[in-house]
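The data block below is query.csv; it holds CSV, C-alpha atoms.
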```csv
chain,number,residue,atom,x,y,z
G,30,ASN,CA,-15.9,1.2,39.6
G,31,PHE,CA,-19.0,2.3,37.8
G,32,MET,CA,-21.3,1.4,34.9
G,33,LEU,CA,-22.8,3.6,32.2
G,34,THR,CA,-26.5,3.2,31.4
G,35,GLN,CA,-28.1,4.3,28.2
G,36,PRO,CA,-31.6,4.0,26.9
G,37,HIS,CA,-31.9,1.0,24.7
G,38,SER,CA,-33.6,2.8,21.8
G,39,MET,CA,-35.0,6.2,20.8
G,40,SER,CA,-36.9,7.4,17.8
G,41,GLU,CA,-37.4,10.8,16.3
G,42,SER,CA,-38.4,12.5,13.1
G,43,PRO,CA,-36.1,14.2,10.6
G,44,GLY,CA,-35.5,17.8,11.4
G,45,LYS,CA,-36.2,17.3,15.1
G,46,THR,CA,-33.7,17.2,18.0
G,47,VAL,CA,-32.9,14.2,20.1
G,48,THR,CA,-30.9,13.9,23.3
G,49,ILE,CA,-29.3,10.5,24.3
G,50,SER,CA,-28.4,10.1,28.0
G,51,CYS,CA,-25.6,8.2,29.6
G,52,THR,CA,-25.9,7.8,33.4
G,53,ARG,CA,-23.0,7.0,35.6
G,54,SER,CA,-23.8,4.6,38.4
G,55,SER,CA,-21.4,5.8,41.0
G,56,GLY,CA,-18.9,8.6,41.4
G,57,SER,CA,-19.2,12.0,39.7
G,58,ILE,CA,-19.8,12.2,36.0
G,59,ALA,CA,-17.5,15.2,36.0
G,60,SER,CA,-14.6,13.2,37.3
G,61,ASN,CA,-13.7,11.5,34.0
G,62,TYR,CA,-14.2,12.5,30.4
G,63,VAL,CA,-17.0,11.0,28.4
G,64,GLN,CA,-16.8,10.1,24.7
G,65,TRP,CA,-19.6,9.3,22.2
G,66,TYR,CA,-19.3,7.0,19.3
G,67,GLN,CA,-21.6,6.5,16.3
G,68,GLN,CA,-21.8,3.1,14.7
G,69,ARG,CA,-23.8,2.6,11.5
G,70,PRO,CA,-24.8,-0.9,10.5
G,71,GLY,CA,-21.9,-3.0,9.3
G,72,SER,CA,-19.3,-0.3,10.1
G,73,SER,CA,-16.8,0.4,12.8
G,74,PRO,CA,-17.6,3.0,15.5
G,75,THR,CA,-16.5,6.6,14.9
G,76,THR,CA,-16.1,9.4,17.3
G,77,VAL,CA,-18.8,12.1,17.3
G,78,ILE,CA,-17.8,13.7,20.7
G,79,TYR,CA,-14.7,13.3,22.9
G,80,GLU,CA,-13.8,15.0,26.2
G,81,ASN,CA,-17.4,15.5,27.0
G,82,ASN,CA,-18.1,18.2,24.4
G,83,GLN,CA,-15.4,18.3,21.8
G,84,ARG,CA,-16.2,17.5,18.2
G,85,PRO,CA,-13.6,15.9,15.9
G,86,SER,CA,-13.0,17.6,12.7
G,87,GLY,CA,-15.6,16.6,10.1
G,88,VAL,CA,-18.4,16.0,12.6
G,89,PRO,CA,-21.2,18.5,12.0
G,90,ASP,CA,-22.0,21.0,14.7
G,91,ARG,CA,-25.5,19.4,14.8
G,92,PHE,CA,-23.8,17.0,17.3
G,93,SER,CA,-23.1,18.3,20.8
G,94,GLY,CA,-22.1,16.8,24.1
G,95,SER,CA,-22.6,17.9,27.7
G,96,ILE,CA,-22.5,16.6,31.3
G,97,ASP,CA,-25.0,17.3,34.1
G,98,SER,CA,-23.9,16.8,37.6
G,99,SER,CA,-27.4,16.9,39.0
G,100,SER,CA,-28.4,13.8,37.1
G,101,ASN,CA,-24.9,12.4,37.0
G,102,SER,CA,-25.1,11.9,33.3
G,103,ALA,CA,-23.6,12.8,30.0
G,104,SER,CA,-25.8,13.7,27.0
G,105,LEU,CA,-25.4,13.6,23.3
G,106,THR,CA,-27.7,16.0,21.5
G,107,ILE,CA,-28.3,15.8,17.8
G,108,SER,CA,-30.2,18.6,16.2
G,109,GLY,CA,-31.7,18.9,12.8
G,110,LEU,CA,-31.9,15.1,12.6
G,111,LYS,CA,-31.1,13.5,9.2
G,112,THR,CA,-31.9,10.0,8.1
G,113,GLU,CA,-28.1,9.4,8.0
G,114,ASP,CA,-28.0,9.9,11.8
G,115,GLU,CA,-29.8,6.6,12.2
G,116,ALA,CA,-27.2,4.5,14.0
G,117,ASP,CA,-26.2,3.0,17.3
G,118,TYR,CA,-24.6,5.4,19.8
G,119,TYR,CA,-22.2,4.4,22.6
G,120,CYS,CA,-20.9,6.5,25.4
G,121,GLN,CA,-17.5,5.6,26.9
G,122,SER,CA,-15.5,6.7,30.0
G,123,TYR,CA,-12.8,5.2,32.2
G,124,TYR,CA,-11.5,4.8,35.7
G,125,SER,CA,-8.1,3.9,37.1
G,126,GLY,CA,-7.2,0.5,35.7
G,127,ASN,CA,-10.0,0.4,33.3
G,128,PRO,CA,-9.8,2.7,30.2
G,129,GLY,CA,-12.8,1.1,28.5
G,130,VAL,CA,-16.1,1.5,30.2
G,131,PHE,CA,-18.8,1.5,27.6
G,132,GLY,CA,-22.5,2.1,27.9
G,133,GLY,CA,-24.8,-0.5,26.5
G,134,GLY,CA,-25.6,1.6,23.4
G,135,THR,CA,-28.7,3.4,22.1
G,136,LYS,CA,-30.3,2.5,18.8
G,137,LEU,CA,-31.5,5.7,17.2
G,138,THR,CA,-34.2,5.5,14.6
G,139,VAL,CA,-34.9,8.5,12.4
G,140,VAL,CA,-38.4,8.1,10.8
Z,21,GLN,CA,-3.6,8.6,7.7
Z,22,LEU,CA,-3.4,5.9,10.4
Z,23,GLN,CA,-4.9,2.6,9.4
Z,24,LEU,CA,-5.5,-0.5,11.5
Z,25,GLN,CA,-6.2,-3.9,10.1
Z,26,GLU,CA,-7.2,-7.0,12.0
Z,27,SER,CA,-6.4,-10.4,10.7
Z,28,GLY,CA,-6.8,-14.0,11.9
Z,29,PRO,CA,-8.9,-17.1,11.6
Z,30,GLY,CA,-12.6,-16.5,11.2
Z,31,LEU,CA,-13.5,-19.8,12.8
Z,32,VAL,CA,-12.2,-21.3,16.1
Z,33,LYS,CA,-13.2,-24.5,17.8
Z,34,PRO,CA,-14.6,-24.5,21.3
Z,35,SER,CA,-11.9,-24.8,24.0
Z,36,GLU,CA,-9.2,-23.7,21.6
Z,37,THR,CA,-7.3,-20.4,21.5
Z,38,LEU,CA,-8.4,-17.4,19.4
Z,39,SER,CA,-5.4,-15.5,18.0
Z,40,LEU,CA,-5.7,-12.2,16.2
Z,41,THR,CA,-3.2,-9.6,14.9
Z,42,CYS,CA,-3.7,-5.9,14.2
Z,43,THR,CA,-1.3,-4.3,11.8
Z,44,VAL,CA,-0.8,-0.6,12.2
Z,45,SER,CA,0.1,1.5,9.1
Z,46,GLY,CA,0.6,5.2,8.6
Z,47,GLY,CA,2.0,5.7,12.0
Z,48,SER,CA,4.2,4.0,14.7
Z,49,ILE,CA,2.9,1.7,17.3
Z,50,SER,CA,5.8,3.0,19.4
Z,51,SER,CA,4.5,6.5,19.7
Z,52,SER,CA,4.6,7.7,23.3
Z,53,ASN,CA,1.3,9.4,23.1
Z,54,TYR,CA,-0.9,6.4,22.5
Z,55,TYR,CA,-2.1,3.1,23.8
Z,56,TRP,CA,-3.6,0.3,21.7
Z,57,VAL,CA,-6.9,-1.5,22.4
Z,58,TRP,CA,-8.9,-4.6,21.6
Z,59,ILE,CA,-12.7,-4.4,21.7
Z,60,ARG,CA,-15.3,-6.9,20.7
Z,61,GLN,CA,-18.9,-6.8,19.7
Z,62,PRO,CA,-21.1,-10.0,19.8
Z,63,PRO,CA,-23.6,-10.1,17.0
Z,64,GLY,CA,-26.5,-7.7,17.7
Z,65,LYS,CA,-25.0,-6.6,21.0
Z,66,GLY,CA,-22.9,-3.7,22.3
Z,67,LEU,CA,-19.2,-3.0,22.6
Z,68,GLU,CA,-17.1,-4.8,25.2
Z,69,TRP,CA,-13.6,-3.6,26.1
Z,70,ILE,CA,-11.1,-6.5,26.1
Z,71,GLY,CA,-7.8,-4.8,27.0
Z,72,THR,CA,-5.4,-1.9,26.4
Z,73,ILE,CA,-1.6,-2.0,26.0
Z,74,TYR,CA,1.2,0.4,25.8
Z,75,TYR,CA,4.1,-0.3,23.3
Z,76,ARG,CA,6.4,-0.9,26.2
Z,77,GLY,CA,4.2,-3.7,27.5
Z,78,SER,CA,2.1,-2.3,30.4
Z,79,ALA,CA,-1.4,-3.4,30.0
Z,80,TYR,CA,-4.9,-3.2,31.4
Z,81,TYR,CA,-7.3,-6.1,31.0
Z,82,ASN,CA,-11.1,-6.5,31.4
Z,83,PRO,CA,-11.4,-8.3,34.8
Z,84,SER,CA,-14.0,-10.7,33.4
Z,85,LEU,CA,-11.6,-11.9,30.7
Z,86,LYS,CA,-8.3,-11.4,32.4
Z,87,SER,CA,-7.6,-15.0,33.1
Z,88,ARG,CA,-7.9,-15.9,29.4
Z,89,ILE,CA,-6.3,-12.9,27.7
Z,90,THR,CA,-2.9,-12.2,26.4
Z,91,ILE,CA,-2.2,-8.9,24.6
Z,92,SER,CA,1.2,-8.1,23.2
Z,93,VAL,CA,2.9,-5.6,20.9
Z,94,ASP,CA,5.6,-6.3,18.3
Z,95,THR,CA,7.2,-3.0,17.6
Z,96,SER,CA,9.4,-4.4,14.8
Z,97,LYS,CA,6.3,-5.4,12.9
Z,98,ASN,CA,4.1,-2.5,14.1
Z,99,GLN,CA,1.6,-5.0,15.2
Z,100,LEU,CA,-0.4,-5.8,18.3
Z,101,SER,CA,-1.9,-9.2,19.1
Z,102,LEU,CA,-4.6,-10.8,21.0
Z,103,ARG,CA,-4.8,-14.3,22.3
Z,104,LEU,CA,-8.0,-15.5,24.1
Z,105,SER,CA,-7.8,-19.0,25.4
Z,106,SER,CA,-10.5,-21.7,26.2
Z,107,VAL,CA,-13.1,-20.0,23.9
Z,108,THR,CA,-16.8,-20.8,23.9
Z,109,ALA,CA,-19.7,-19.8,21.7
Z,110,ALA,CA,-20.0,-16.7,23.9
Z,111,ASP,CA,-16.7,-15.4,22.5
Z,112,THR,CA,-18.2,-15.2,19.0
Z,113,ALA,CA,-18.0,-11.6,18.0
Z,114,VAL,CA,-16.5,-8.9,15.7
Z,115,TYR,CA,-13.1,-8.1,17.2
Z,116,TYR,CA,-11.8,-4.5,16.7
Z,117,CYS,CA,-8.4,-3.1,17.4
Z,118,GLY,CA,-8.0,0.6,17.9
Z,119,ARG,CA,-5.8,3.5,19.2
Z,120,GLN,CA,-6.5,5.0,22.5
Z,121,VAL,CA,-5.4,8.5,23.6
Z,122,TYR,CA,-4.8,8.3,27.3
Z,123,SER,CA,-4.3,12.1,27.6
Z,124,SER,CA,-7.8,12.6,26.0
Z,125,GLY,CA,-10.1,10.6,28.2
Z,126,TRP,CA,-8.9,7.3,26.8
Z,127,HIS,CA,-10.6,8.3,23.6
Z,128,ILE,CA,-10.5,5.7,20.8
Z,129,ASP,CA,-9.7,7.9,17.8
Z,130,TYR,CA,-8.9,5.2,15.3
Z,131,TRP,CA,-10.6,1.8,14.8
Z,132,GLY,CA,-9.9,-1.1,12.5
Z,133,GLN,CA,-12.6,-2.4,10.3
Z,134,GLY,CA,-13.2,-5.4,12.6
Z,135,THR,CA,-13.0,-9.1,12.0
Z,136,LEU,CA,-15.7,-11.6,12.8
Z,137,VAL,CA,-14.6,-14.7,14.8
Z,138,THR,CA,-17.1,-17.5,15.1
Z,139,VAL,CA,-16.6,-20.2,17.8
Z,140,SER,CA,-18.1,-23.4,16.6
Z,141,SER,CA,-17.1,-27.0,16.1
```
For this file, write the structure as structure tokens.
Amino acid sequence: NFMLTQPHSMSESPGKTVTISCTRSSGSIASNYVQWYQQRPGSSPTTVIYENNQRPSGVPDRFSGSIDSSSNSASLTISGLKTEDEADYYCQSYYSGNPGVFGGGTKLTVV
Amino acid sequence: QLQLQESGPGLVKPSETLSLTCTVSGGSISSSNYYWVWIRQPPGKGLEWIGTIYYRGSAYYNPSLKSRITISVDTSKNQLSLRLSSVTAADTAVYYCGRQVYSSGWHIDYWGQGTLVTVSS
């Protein structure tokens, strides 16, 4: 069993790049795929990254995902920030018997 | 285009049972490639996985809720259901249903719009 830990909040300016981390508490981050969901206020979550680094159709290439075994974490990087990127972001992974391990979420402010 | 729609009472009294239904349209709940999931989000808080079920009935439940949860699928109606017993104010949340792709990291590729359930007398 493991937990996923995200920073509670981050803030960056339009046009800049931000990287949100998702650290796995035990076991290797490379062992199980990580997904990233964006949730704007009042809306359901939508996928921005799945299988560590895959973008669904329609998600701009400003969004990218990666994993880093040295820090045992996954990262979501958003480049060329836009005000519309302001949202909550959640990472998600799984282990045997539990397909729904979520990070606590990161509130991204773009100002 | 797959669509999921949650429905059920918006207000439930403490100690009673919360019952929700998720109607799937634009696709079959009996597809062999997918599982179906319930997730909740208390006001102002993060996402919490409740449970995941396959159309044939095999299911995974959040251990912290397992004793109070029943998740089922009705293939004839293309619906999945959630029952949560002995509710308290802590169960107040927006409840989402979704489709999970087990072959893709248990990725949730479709979500319902969510329904707010308030537990209060």
Using all atoms listed in the file - which residues lie no farther than 7 Å from the point (-12.8, 9.9, 27.2) in the file's frame? Write them as a ChimeraX atom specification. /G:62-64,79-80,121-123 /Z:124-127
So which residues are close to (-10.5, -2.2, 31.5), meaning at most 8 Å away in the file's coordinates with only C-alpha atoms counted, and can you show them as a PyMOL selection string? (chain G and resi 123+126-130) or (chain Z and resi 69-72+80-83)
Counting all atoms listed in the file, chain G residues within 12 Å of chain Z, as a PyMOL selection string: chain G and resi 30+34-35+37+59-68+70-86+117-136
Quick one: residues within 12 Å of Z:Ser52, all atoms listed in the file, excluding same-chain residues fewer than 4 positions away - as a PyMOL selection string? chain Z and resi 47-48+56+73-76+119-123
Write to file, as a CSV table (one decimal), in the frame of the given file, the residues of the selection just made, with C-alpha atoms.
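Ended up saving to again_6.csv:
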```csv
chain,number,residue,atom,x,y,z
Z,47,GLY,CA,2.0,5.7,12.0
Z,48,SER,CA,4.2,4.0,14.7
Z,56,TRP,CA,-3.6,0.3,21.7
Z,73,ILE,CA,-1.6,-2.0,26.0
Z,74,TYR,CA,1.2,0.4,25.8
Z,75,TYR,CA,4.1,-0.3,23.3
Z,76,ARG,CA,6.4,-0.9,26.2
Z,119,ARG,CA,-5.8,3.5,19.2
Z,120,GLN,CA,-6.5,5.0,22.5
Z,121,VAL,CA,-5.4,8.5,23.6
Z,122,TYR,CA,-4.8,8.3,27.3
Z,123,SER,CA,-4.3,12.1,27.6
```
Atom pair atom CA of Z:Tyr55 + atom CA of Z:Thr135, distance 20.2 Å
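For G:Ile58, the set of protein, DNA and RNA residues having any atom at most 9 Å away, when counting only C-alpha atoms and skipping those fewer than 3 positions along the same chain, is Thr52, Arg53, Ser54, Ser55, Asn61, Tyr62, Val63, Ile96, Asp97, Ser98, Ser100, Asn101, Ser102 and Ala103 of chain G.
For the pair atom CA of Z:Arg103 and atom CA of Z:Leu22, the interatomic distance is 23.5 Å.
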Option closest in space to G:Leu105, from G:Gly56, G:Lys45, G:Cys51, G:Ser38 [counting only C-alpha atoms]: G:Cys51
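Reported to one decimal place, the separation of atom CA of Z:Gln61 from atom CA of Z:Ala110 is 10.8 Å.
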